[in-house]
Amino acid sequence: MRPRLRRTRLLTIAFFLVIVIGFFFIWTRNNLTINDHSDDYVSLRLQKDQKDYIDRKGVHVIVGRFMGDSIDSVNTANISKELINKNMFDPRPFEGKNGEPVIIPPKDYNQMTQLYRINRFNLMASDRIALNRSLPDFRKRKCISRYSDLSGLPKTSVIIVFHNEAWSTLLRTVHSVINRSPRELLQEIILVDDDSDRDFLREPLDEHVKNLSIPTRVLRSRERLGLIKARLLGANEARGKVLTFLDAHCECTVGWLEPLLEAIGKNKTRVVSPVIDIINDDTFSYTKTFELHWGAFNWELHFRWLALTRRLLKERRDYSIEPFGTPAMAGGLFSMNKDYFFELGSYDEEMRIWGGENLELSFRVWQCGGSIEIAPCSHVGHIFRKSSPYTFPGGIGEILYGNLARVALVWMDDWANFFFKFNPEAERLRDKQQVRARLMLREKLKCKGFEWYLDNVWPEHFFPKDDRFFGRIIHEPTERCLMRPISRGFYIQTGYAVVDVCSPRLLLGQMFVMTKNGIIMTDESLCLYAPDHETSQKQPKVKVMACNDMPTQKWKYDYKNNLLIHTASGMCLQATDEFDVPPFIAPCNKNDNQRWLLDTVPWK
Ligand code: UDP
Ligand code: MN
């Protein structure tokens, strides 16, 4: 009797222990989730202005072209001039080899944090990596044989513009070009110093480039040109048949150049970018990125990476390593035939400092008869920063939206009005832009319109068009609007749709496009989604997630009964008058809560 009793007691204690530990576990997990959300919040704030993209599962991946800090140049305010001016390049054997991360010991954290602010990347880590560090060969086997024959390929000038770049990143870019390009394809390297004020970027740089095995020149501007005019300065001096532009913090991997030059050699109207891999701004580890993403832009004309659409993947099945057309390029890394560059109007010289030039060139090339492409066999790493380290004279908003206003006015036809309508910051700068010369260029080159571009280059685009609905989707009984999920004022990339008070002013998050095929989409290539089978819940909640052209993202509007019917499930979109309940789908029953109005908003 006694031992049994003891065993029972032991079992009971064990049982309770398991429960307590279990609860504790769940509690910490929940806490973690909550923390995750707050991290989300922080990164969302950053994401608003990043070039970020959504992968096909709807997971948000940050690969950003960030906008600069609005608090211009405050970044370096507390750092002494001596420190900024000091070249602390101090390579350690094997540090960062093969693209591995650099680990800084805790004792150096203080200085590391301070140095980080100078370039907005981990300068201390960069300074510990050799200029010729090794990197993996990322090419598919097919790529190697495909580009083994160099005969007949044009030579290129490599043009690298910089403004106050770090010594180690700038020269690692240069050395990676020299070490990983076939000698016979390199005409020269041209460095364009856009009014840097670091001492080590003057004589020491001139001295260093004298000894390189590829002719390398440093051109200097003593006034701040901005990257657009700085690249033009380099292009005007270039002797190669092809111009290859790189940012000043890149690392080329073996075989990067051949695919770019091969495509241009075949047809000079092809403008080709490598796959842009990620050099981590913290650890300087090198991460290969997706080969099958292309570049596009959102309703604010911010650049975005998007997963290749199913249409394209299908079309490309047998050509998987050939370059493919992309609606837009990131802009920092690409090759282009020099004559074609100038015939096509080089760059818009009225664009200042940074931003918009990548879309301007992308639209111009496509609309005037060329193509923008990505070569999946070519891999070049780039440090993506979370913010810009340099000043934007006149203010980042003024500069970026001024540049974008120019892009819209010259190239986007009716869609320019759409852009201005929803981007008051650009609208404010609209009348200040003199674009006559660029419009004349468009005329002279007999370029096609923006509608042609959308239809042919980017059929999956999420912009309004005359053959689709654009406007608000209003829940009839509550007069509230369907909208993208937001959290504390910032849009979330994936999550449950929301039904909220309709905004009296036009709010992008409450605008939807519905195509003839029944896809309900909104900015950022997000689509209204519901599951196709009866899940554990009887009334599955409706989400927005990355568009994927699947039946679970298709809907039909029943004009007679004002129903939105989900194709895959046959159920109806429904909402309640409670604020916290996301819209869901439920069996269609002509209940008032299933009634929706498509409220057209004029966009031109
Ligand atoms: N740059 C420049 N002048 C400027 C701004 C930028 O020469 O006024 C250079 C910069 O040093 C870099 C390239 O232009 O080599 C692209 O800038 P950045 O890397 O900041 O752009 P992102 O990669 O963030 O788009
Ligand atoms: Mn860059």
# chains A, B, ... in the order shown; residues from 1 in each chain; ligands from 1
>>> residues_near_ligand(ligand="ligand 1", cutoff="7 Å", atoms="only C-alpha atoms and all ligand atoms", output="number ranges by chain")
A: 65-66, 160-165, 193-194, 224-227, 230, 247-249, 332, 353-354, 384-385, 388
>>> write_last_selection(atoms="C-alpha atoms", output="compact mmCIF listing (two decimals), in the first residue's frame")
# COMPACT_ATOMS: atom_id res chain seq x y z
CA ARG A 65 17.43 50.44 -50.94
CA PHE A 66 16.93 52.71 -48.01
CA ILE A 160 32.68 53.34 -59.57
CA VAL A 161 31.38 56.59 -58.12
CA PHE A 162 31.77 57.38 -54.45
CA HIS A 163 31.15 60.03 -51.89
CA ASN A 164 33.07 59.53 -48.64
CA GLU A 165 33.30 55.78 -49.03
CA ASP A 193 35.28 60.94 -56.35
CA ASP A 194 32.14 62.96 -55.80
CA ARG A 224 28.96 67.60 -54.96
CA LEU A 225 27.49 66.13 -58.12
CA GLY A 226 25.27 63.40 -56.80
CA LEU A 227 25.54 59.89 -58.13
CA ALA A 230 29.11 61.57 -61.07
CA ASP A 247 28.52 51.02 -56.22
CA ALA A 248 31.62 51.63 -54.15
CA HIS A 249 30.85 48.83 -51.66
CA GLY A 332 23.63 50.70 -58.82
CA ILE A 353 22.11 63.32 -55.54
CA TRP A 354 20.31 59.98 -55.34
CA PHE A 384 22.55 47.16 -48.35
CA ARG A 385 22.36 49.82 -45.69
CA SER A 388 22.28 56.78 -45.93
>>> closest_atom_pairs(of="stretch 134-174 of chain A", to="stretch 240-246 of chain A", cutoff="6 Å", atoms="only C-alpha atoms", output="CSV")
residue,atom,partner,partner_atom,distance
A:Lys155,CA,A:Gly240,CA,5.6
A:Thr156,CA,A:Val242,CA,4.4
A:Ser157,CA,A:Gly240,CA,4.8
A:Val158,CA,A:Thr244,CA,4.7
A:Ile159,CA,A:Phe245,CA,4.8
A:Ile160,CA,A:Leu246,CA,5.2
>>> write_last_selection(atoms="C-alpha atoms", output="short mmCIF file (atom, residue, chain, number, x, y, z; two decimals), in the first residue's frame")
data_model
loop_
_atom_site.label_atom_id
_atom_site.label_comp_id
_atom_site.auth_asym_id
_atom_site.auth_seq_id
_atom_site.Cartn_x
_atom_site.Cartn_y
_atom_site.Cartn_z
CA LYS A 155 35.59 45.31 -73.41
CA THR A 156 34.21 47.33 -70.57
CA SER A 157 35.17 50.32 -68.49
CA VAL A 158 34.17 49.80 -64.88
CA ILE A 159 32.92 53.03 -63.33
CA ILE A 160 32.68 53.34 -59.57
#
>>> residues_around(residues="A:Asn337", least_positions_apart="2", cutoff="6 Å", atoms="only C-alpha atoms", output="PyMOL selection string")
chain A and resi 242+268+339-340
>>> residues_around(residues="A:Asp127", least_positions_apart="6", cutoff="9 Å", atoms="only C-alpha atoms", output="ChimeraX atom specification")
/A:87-92,166-169
>>> atom_distance(atom1="atom CA of A:Gln367", atom2="atom CA of A:Leu257")
26.1 Å
>>> closest_atom_pairs(of="stretch 118-169 of chain A", to="stretch 307-323 of chain A", cutoff="10 Å", atoms="only C-alpha atoms", output="tab-separated table")
residue	atom	partner	partner_atom	distance
A:Arg139	CA	A:Ile321	CA	9.7
A:Lys140	CA	A:Ile321	CA	8.2
A:Lys142	CA	A:Ile321	CA	7.5
A:Cys143	CA	A:Ile321	CA	6.7
A:Arg146	CA	A:Ile321	CA	8.8
>>> write_last_selection(atoms="N, CA, C and O atoms", output="PDB file, in the first residue's frame")
ATOM      1  N   ARG A 139      28.087  30.041 -59.133  1.00  0.00           N
ATOM      2  CA  ARG A 139      27.476  29.725 -60.425  1.00  0.00           C
ATOM      3  C   ARG A 139      26.976  28.289 -60.498  1.00  0.00           C
ATOM      4  O   ARG A 139      27.609  27.367 -59.978  1.00  0.00           O
ATOM      5  N   LYS A 140      25.865  28.137 -61.203  1.00  0.00           N
ATOM      6  CA  LYS A 140      25.437  26.786 -61.561  1.00  0.00           C
ATOM      7  C   LYS A 140      26.446  26.232 -62.558  1.00  0.00           C
ATOM      8  O   LYS A 140      27.065  26.991 -63.308  1.00  0.00           O
ATOM      9  N   LYS A 142      26.055  24.836 -65.317  1.00  0.00           N
ATOM     10  CA  LYS A 142      25.728  25.231 -66.697  1.00  0.00           C
ATOM     11  C   LYS A 142      26.281  26.605 -67.042  1.00  0.00           C
ATOM     12  O   LYS A 142      26.628  26.876 -68.193  1.00  0.00           O
ATOM     13  N   CYS A 143      26.335  27.481 -66.046  1.00  0.00           N
ATOM     14  CA  CYS A 143      26.830  28.842 -66.302  1.00  0.00           C
ATOM     15  C   CYS A 143      28.287  28.807 -66.752  1.00  0.00           C
ATOM     16  O   CYS A 143      28.701  29.584 -67.611  1.00  0.00           O
ATOM     17  N   ARG A 146      28.570  27.729 -70.297  1.00  0.00           N
ATOM     18  CA  ARG A 146      27.842  28.675 -71.152  1.00  0.00           C
ATOM     19  C   ARG A 146      28.691  29.894 -71.501  1.00  0.00           C
ATOM     20  O   ARG A 146      28.592  30.455 -72.583  1.00  0.00           O
TER      21      ARG A 146
END
>>> residues_around(residues="A:Tyr496", least_positions_apart="2", cutoff="9 Å", atoms="only C-alpha atoms", output="CSV table (one decimal) with C-alpha atoms, in the first residue's frame")
chain,number,residue,atom,x,y,z
A,484,ARG,CA,-4.6,46.5,-45.8
A,485,PRO,CA,-3.5,45.5,-42.2
A,494,THR,CA,1.1,40.2,-44.7
A,498,VAL,CA,-9.1,45.0,-41.9
A,541,LYS,CA,-10.3,35.0,-41.9
A,542,VAL,CA,-9.3,36.8,-45.0
A,543,LYS,CA,-5.7,37.9,-45.5
A,544,VAL,CA,-3.6,40.0,-47.7
A,545,MET,CA,-0.5,38.3,-49.0
A,582,PRO,CA,-11.1,40.7,-39.5
A,583,PRO,CA,-13.3,40.0,-42.5
>>> select_by_dssp(residues="stretch 359-513 of chain A", states="alpha helix (DSSP H)", output="PyMOL selection string")
chain A and resi 359-367+396-411+414-422+424-430+436-444+450-457
>>> residues_around(residues="A:Ala296", least_positions_apart="5", cutoff="9 Å", atoms="only C-alpha atoms", output="list in words")
Leu301, His302, Phe303, Arg304, Trp305, Leu306, Thr326, Pro327, Ala328, Met329, Ala330, Leu359, Trp458 and His461 of chain A
>>> write_last_selection(atoms="C-alpha atoms", output="PDB file, in the first residue's frame")
ATOM      1  CA  LEU A 301       7.638  54.584 -57.048  1.00  0.00           C
ATOM      2  CA  HIS A 302       9.911  52.978 -54.497  1.00  0.00           C
ATOM      3  CA  PHE A 303      11.934  50.131 -55.894  1.00  0.00           C
ATOM      4  CA  ARG A 304      10.940  46.611 -54.852  1.00  0.00           C
ATOM      5  CA  TRP A 305      12.207  43.096 -55.435  1.00  0.00           C
ATOM      6  CA  LEU A 306       9.411  40.671 -56.299  1.00  0.00           C
ATOM      7  CA  THR A 326      12.805  42.826 -65.545  1.00  0.00           C
ATOM      8  CA  PRO A 327      10.439  45.809 -65.276  1.00  0.00           C
ATOM      9  CA  ALA A 328      13.058  47.837 -63.422  1.00  0.00           C
ATOM     10  CA  MET A 329      16.600  47.626 -62.172  1.00  0.00           C
ATOM     11  CA  ALA A 330      17.965  48.455 -58.749  1.00  0.00           C
ATOM     12  CA  LEU A 359      13.347  53.945 -62.742  1.00  0.00           C
ATOM     13  CA  TRP A 458       4.916  43.925 -66.411  1.00  0.00           C
ATOM     14  CA  HIS A 461       1.479  44.958 -62.257  1.00  0.00           C
TER      15      HIS A 461
END
>>> atom_distance(atom1="atom CA of A:Phe450", atom2="atom CA of A:Ala416")
9.5 Å
>>> residues_around(residues="stretch 108-124 of chain A", least_positions_apart="4", cutoff="7 Å", atoms="only C-alpha atoms", output="list in words")
Asn75, Thr76, Ile84, Ile104, Arg128, Asp281, Asp282, Thr283, Arg385, Ser387, Ser388 and Pro389 of chain A
>>> write_last_selection(atoms="C-alpha atoms", output="PDB file, in the first residue's frame")
ATOM      1  CA  ASN A  75      25.154  60.911 -38.061  1.00  0.00           C
ATOM      2  CA  THR A  76      28.712  62.025 -37.842  1.00  0.00           C
ATOM      3  CA  ILE A  84      36.389  60.105 -39.576  1.00  0.00           C
ATOM      4  CA  ILE A 104      33.934  41.429 -33.283  1.00  0.00           C
ATOM      5  CA  ARG A 128      39.549  43.528 -40.677  1.00  0.00           C
ATOM      6  CA  ASP A 281      26.051  45.511 -43.126  1.00  0.00           C
ATOM      7  CA  ASP A 282      26.897  44.155 -39.675  1.00  0.00           C
ATOM      8  CA  THR A 283      29.088  41.106 -40.178  1.00  0.00           C
ATOM      9  CA  ARG A 385      22.359  49.824 -45.688  1.00  0.00           C
ATOM     10  CA  SER A 387      20.035  54.440 -43.981  1.00  0.00           C
ATOM     11  CA  SER A 388      22.277  56.777 -45.929  1.00  0.00           C
ATOM     12  CA  PRO A 389      25.423  58.093 -44.297  1.00  0.00           C
TER      13      PRO A 389
END
>>> select_by_dssp(residues="stretch 202-326 of chain A", states="strand (DSSP E or B)", output="VMD selection string")
chain A and resid 216 to 221 242 to 246 250 to 252 270 to 279 286 to 287 293 to 297 303 to 307 324 to 325
>>> write_last_selection(atoms="N, CA and C atoms", output="compact mmCIF listing (two decimals), in the first residue's frame")
# COMPACT_ATOMS: atom_id res chain seq x y z
N THR A 216 43.85 52.21 -63.83
CA THR A 216 42.80 52.74 -62.96
C THR A 216 43.04 54.23 -62.73
N ARG A 217 41.99 55.01 -62.96
CA ARG A 217 42.11 56.46 -62.78
C ARG A 217 41.15 56.94 -61.72
N VAL A 218 41.50 58.02 -61.07
CA VAL A 218 40.56 58.65 -60.14
C VAL A 218 40.17 60.01 -60.72
N LEU A 219 38.91 60.20 -61.05
CA LEU A 219 38.44 61.51 -61.49
C LEU A 219 37.82 62.19 -60.28
N ARG A 220 38.05 63.47 -60.15
CA ARG A 220 37.54 64.12 -58.95
C ARG A 220 36.67 65.33 -59.29
N SER A 221 35.61 65.46 -58.53
CA SER A 221 34.79 66.65 -58.65
C SER A 221 34.93 67.41 -57.35
N VAL A 242 31.74 49.09 -73.53
CA VAL A 242 30.63 48.93 -72.59
C VAL A 242 30.94 49.71 -71.32
N LEU A 243 29.91 50.27 -70.70
CA LEU A 243 30.05 50.90 -69.39
C LEU A 243 29.50 49.94 -68.35
N THR A 244 30.29 49.68 -67.30
CA THR A 244 29.78 48.86 -66.21
C THR A 244 29.84 49.69 -64.94
N PHE A 245 28.68 49.97 -64.38
CA PHE A 245 28.64 50.78 -63.16
C PHE A 245 28.54 49.88 -61.94
N LEU A 246 29.30 50.23 -60.91
CA LEU A 246 29.20 49.52 -59.64
C LEU A 246 29.14 50.54 -58.51
N CYS A 250 30.94 47.00 -53.22
CA CYS A 250 30.52 45.75 -53.83
C CYS A 250 31.64 44.73 -53.75
N GLU A 251 31.32 43.48 -53.99
CA GLU A 251 32.35 42.46 -54.21
C GLU A 251 31.86 41.56 -55.33
N CYS A 252 32.67 41.50 -56.40
CA CYS A 252 32.28 40.68 -57.55
C CYS A 252 32.73 39.24 -57.31
N ARG A 270 20.49 45.74 -75.00
CA ARG A 270 20.23 45.04 -73.74
C ARG A 270 21.03 45.70 -72.61
N VAL A 271 20.36 46.00 -71.55
CA VAL A 271 21.00 46.62 -70.39
C VAL A 271 20.91 45.60 -69.27
N VAL A 272 22.07 45.15 -68.78
CA VAL A 272 22.05 43.93 -67.98
C VAL A 272 22.64 44.14 -66.58
N SER A 273 21.94 43.63 -65.59
CA SER A 273 22.39 43.68 -64.20
C SER A 273 22.78 42.29 -63.73
N PRO A 274 23.71 42.20 -62.77
CA PRO A 274 23.97 40.91 -62.13
C PRO A 274 22.87 40.63 -61.11
N VAL A 275 22.85 39.43 -60.57
CA VAL A 275 22.05 39.18 -59.37
C VAL A 275 22.78 39.89 -58.24
N ILE A 276 22.07 40.69 -57.49
CA ILE A 276 22.74 41.48 -56.45
C ILE A 276 22.62 40.77 -55.11
N ASP A 277 23.72 40.14 -54.70
CA ASP A 277 23.74 39.41 -53.44
C ASP A 277 23.93 40.37 -52.27
N ILE A 278 23.81 39.80 -51.08
CA ILE A 278 23.80 40.65 -49.89
C ILE A 278 25.09 40.52 -49.09
N ILE A 279 25.80 41.62 -48.97
CA ILE A 279 26.90 41.67 -47.99
C ILE A 279 26.29 42.29 -46.74
N TYR A 286 28.71 37.19 -46.75
CA TYR A 286 28.19 37.27 -48.11
C TYR A 286 27.09 36.22 -48.27
N THR A 287 25.89 36.67 -48.62
CA THR A 287 24.79 35.73 -48.79
C THR A 287 24.29 35.78 -50.22
N HIS A 293 14.29 36.55 -58.83
CA HIS A 293 13.50 37.72 -58.46
C HIS A 293 13.73 38.78 -59.51
N TRP A 294 12.74 39.64 -59.67
CA TRP A 294 12.97 40.76 -60.56
C TRP A 294 12.65 42.05 -59.84
N GLY A 295 12.96 43.16 -60.52
CA GLY A 295 12.79 44.45 -59.88
C GLY A 295 11.55 45.15 -60.39
N ALA A 296 10.82 45.79 -59.50
CA ALA A 296 9.66 46.58 -59.89
C ALA A 296 9.56 47.75 -58.90
N PHE A 297 8.35 48.26 -58.69
CA PHE A 297 8.21 49.46 -57.84
C PHE A 297 6.78 49.50 -57.33
N PHE A 303 11.50 51.38 -55.27
CA PHE A 303 11.93 50.13 -55.89
C PHE A 303 11.63 48.94 -55.00
N ARG A 304 11.23 47.84 -55.60
CA ARG A 304 10.94 46.61 -54.85
C ARG A 304 11.45 45.39 -55.59
N TRP A 305 11.93 44.40 -54.84
CA TRP A 305 12.21 43.10 -55.44
C TRP A 305 10.96 42.24 -55.29
N LEU A 306 10.58 41.56 -56.36
CA LEU A 306 9.41 40.67 -56.30
C LEU A 306 9.79 39.31 -56.88
N ALA A 307 9.14 38.28 -56.35
CA ALA A 307 9.38 36.94 -56.89
C ALA A 307 8.91 36.89 -58.34
N PHE A 324 16.99 37.42 -68.06
CA PHE A 324 15.55 37.62 -68.28
C PHE A 324 15.19 39.09 -68.08
N GLY A 325 14.15 39.51 -68.76
CA GLY A 325 13.70 40.90 -68.68
C GLY A 325 13.11 41.20 -67.32
>>> atom_distance(atom1="atom CA of A:Glu360", atom2="atom CA of A:Trp256")
25.0 Å
>>> decode(residues="stretch 415-426 of chain A", atoms="all heavy atoms", output="compact mmCIF listing (two decimals), in the first residue's frame")
# COMPACT_ATOMS: atom_id res chain seq x y z
N TRP A 415 -0.48 57.63 -65.64
CA TRP A 415 -0.09 57.11 -64.32
C TRP A 415 0.72 58.14 -63.53
O TRP A 415 0.87 57.99 -62.31
CB TRP A 415 0.66 55.79 -64.48
CG TRP A 415 -0.31 54.71 -64.85
CD1 TRP A 415 -0.95 53.86 -63.99
CD2 TRP A 415 -0.80 54.39 -66.16
NE1 TRP A 415 -1.81 53.04 -64.68
CE2 TRP A 415 -1.73 53.34 -66.01
CE3 TRP A 415 -0.55 54.89 -67.44
CZ2 TRP A 415 -2.41 52.78 -67.10
CZ3 TRP A 415 -1.23 54.33 -68.52
CH2 TRP A 415 -2.14 53.29 -68.34
N ALA A 416 1.21 59.17 -64.21
CA ALA A 416 1.85 60.27 -63.48
C ALA A 416 0.80 60.91 -62.57
O ALA A 416 1.06 61.18 -61.39
CB ALA A 416 2.41 61.30 -64.46
N ASN A 417 -0.38 61.11 -63.11
CA ASN A 417 -1.43 61.73 -62.29
C ASN A 417 -1.81 60.85 -61.11
O ASN A 417 -2.08 61.34 -60.02
CB ASN A 417 -2.66 62.02 -63.15
CG ASN A 417 -2.33 63.05 -64.21
OD1 ASN A 417 -1.52 63.94 -63.97
ND2 ASN A 417 -2.90 62.89 -65.39
N PHE A 418 -1.82 59.56 -61.34
CA PHE A 418 -2.07 58.63 -60.24
C PHE A 418 -1.00 58.80 -59.16
O PHE A 418 -1.30 58.92 -57.97
CB PHE A 418 -2.05 57.19 -60.78
CG PHE A 418 -2.04 56.13 -59.72
CD1 PHE A 418 -3.17 55.92 -58.93
CD2 PHE A 418 -0.92 55.35 -59.51
CE1 PHE A 418 -3.16 54.94 -57.94
CE2 PHE A 418 -0.92 54.37 -58.53
CZ PHE A 418 -2.04 54.17 -57.75
N PHE A 419 0.26 58.87 -59.59
CA PHE A 419 1.36 59.03 -58.63
C PHE A 419 1.21 60.34 -57.84
O PHE A 419 1.31 60.35 -56.61
CB PHE A 419 2.69 58.99 -59.38
CG PHE A 419 3.89 59.34 -58.55
CD1 PHE A 419 4.28 58.52 -57.50
CD2 PHE A 419 4.61 60.51 -58.80
CE1 PHE A 419 5.40 58.84 -56.73
CE2 PHE A 419 5.72 60.83 -58.03
CZ PHE A 419 6.11 60.00 -57.00
N PHE A 420 0.92 61.42 -58.56
CA PHE A 420 0.83 62.71 -57.87
C PHE A 420 -0.37 62.76 -56.93
O PHE A 420 -0.32 63.34 -55.86
CB PHE A 420 0.76 63.85 -58.88
CG PHE A 420 2.07 64.08 -59.59
CD1 PHE A 420 2.16 63.99 -60.98
CD2 PHE A 420 3.21 64.37 -58.86
CE1 PHE A 420 3.37 64.19 -61.62
CE2 PHE A 420 4.44 64.57 -59.50
CZ PHE A 420 4.52 64.49 -60.88
N LYS A 421 -1.45 62.14 -57.35
CA LYS A 421 -2.66 62.18 -56.55
C LYS A 421 -2.44 61.55 -55.17
O LYS A 421 -2.98 62.00 -54.18
CB LYS A 421 -3.74 61.40 -57.31
CG LYS A 421 -5.12 61.69 -56.83
CD LYS A 421 -6.12 61.28 -57.89
CE LYS A 421 -7.49 61.70 -57.41
NZ LYS A 421 -8.48 61.70 -58.44
N PHE A 422 -1.66 60.49 -55.16
CA PHE A 422 -1.48 59.76 -53.90
C PHE A 422 -0.16 60.08 -53.21
O PHE A 422 0.14 59.51 -52.17
CB PHE A 422 -1.60 58.26 -54.15
CG PHE A 422 -3.02 57.85 -54.45
CD1 PHE A 422 -3.44 57.69 -55.75
CD2 PHE A 422 -3.92 57.68 -53.42
CE1 PHE A 422 -4.75 57.34 -56.03
CE2 PHE A 422 -5.24 57.33 -53.68
CZ PHE A 422 -5.66 57.16 -54.99
N ASN A 423 0.64 60.94 -53.81
CA ASN A 423 1.92 61.29 -53.20
C ASN A 423 2.07 62.81 -53.14
O ASN A 423 2.75 63.42 -53.96
CB ASN A 423 3.08 60.66 -53.98
CG ASN A 423 3.09 59.16 -53.84
OD1 ASN A 423 3.53 58.61 -52.84
ND2 ASN A 423 2.55 58.49 -54.85
N PRO A 424 1.42 63.41 -52.14
CA PRO A 424 1.40 64.87 -52.05
C PRO A 424 2.80 65.48 -52.03
O PRO A 424 3.00 66.58 -52.54
CB PRO A 424 0.68 65.14 -50.72
CG PRO A 424 0.35 63.82 -50.12
CD PRO A 424 0.67 62.74 -51.08
N GLU A 425 3.77 64.74 -51.49
CA GLU A 425 5.12 65.29 -51.44
C GLU A 425 5.68 65.52 -52.84
O GLU A 425 6.41 66.49 -53.08
CB GLU A 425 6.04 64.34 -50.67
CG GLU A 425 6.82 65.04 -49.58
CD GLU A 425 7.76 64.09 -48.85
OE1 GLU A 425 7.34 62.94 -48.59
OE2 GLU A 425 8.88 64.50 -48.56
N ALA A 426 5.33 64.62 -53.74
CA ALA A 426 5.78 64.78 -55.13
C ALA A 426 4.93 65.85 -55.83
O ALA A 426 5.44 66.67 -56.60
CB ALA A 426 5.69 63.45 -55.87
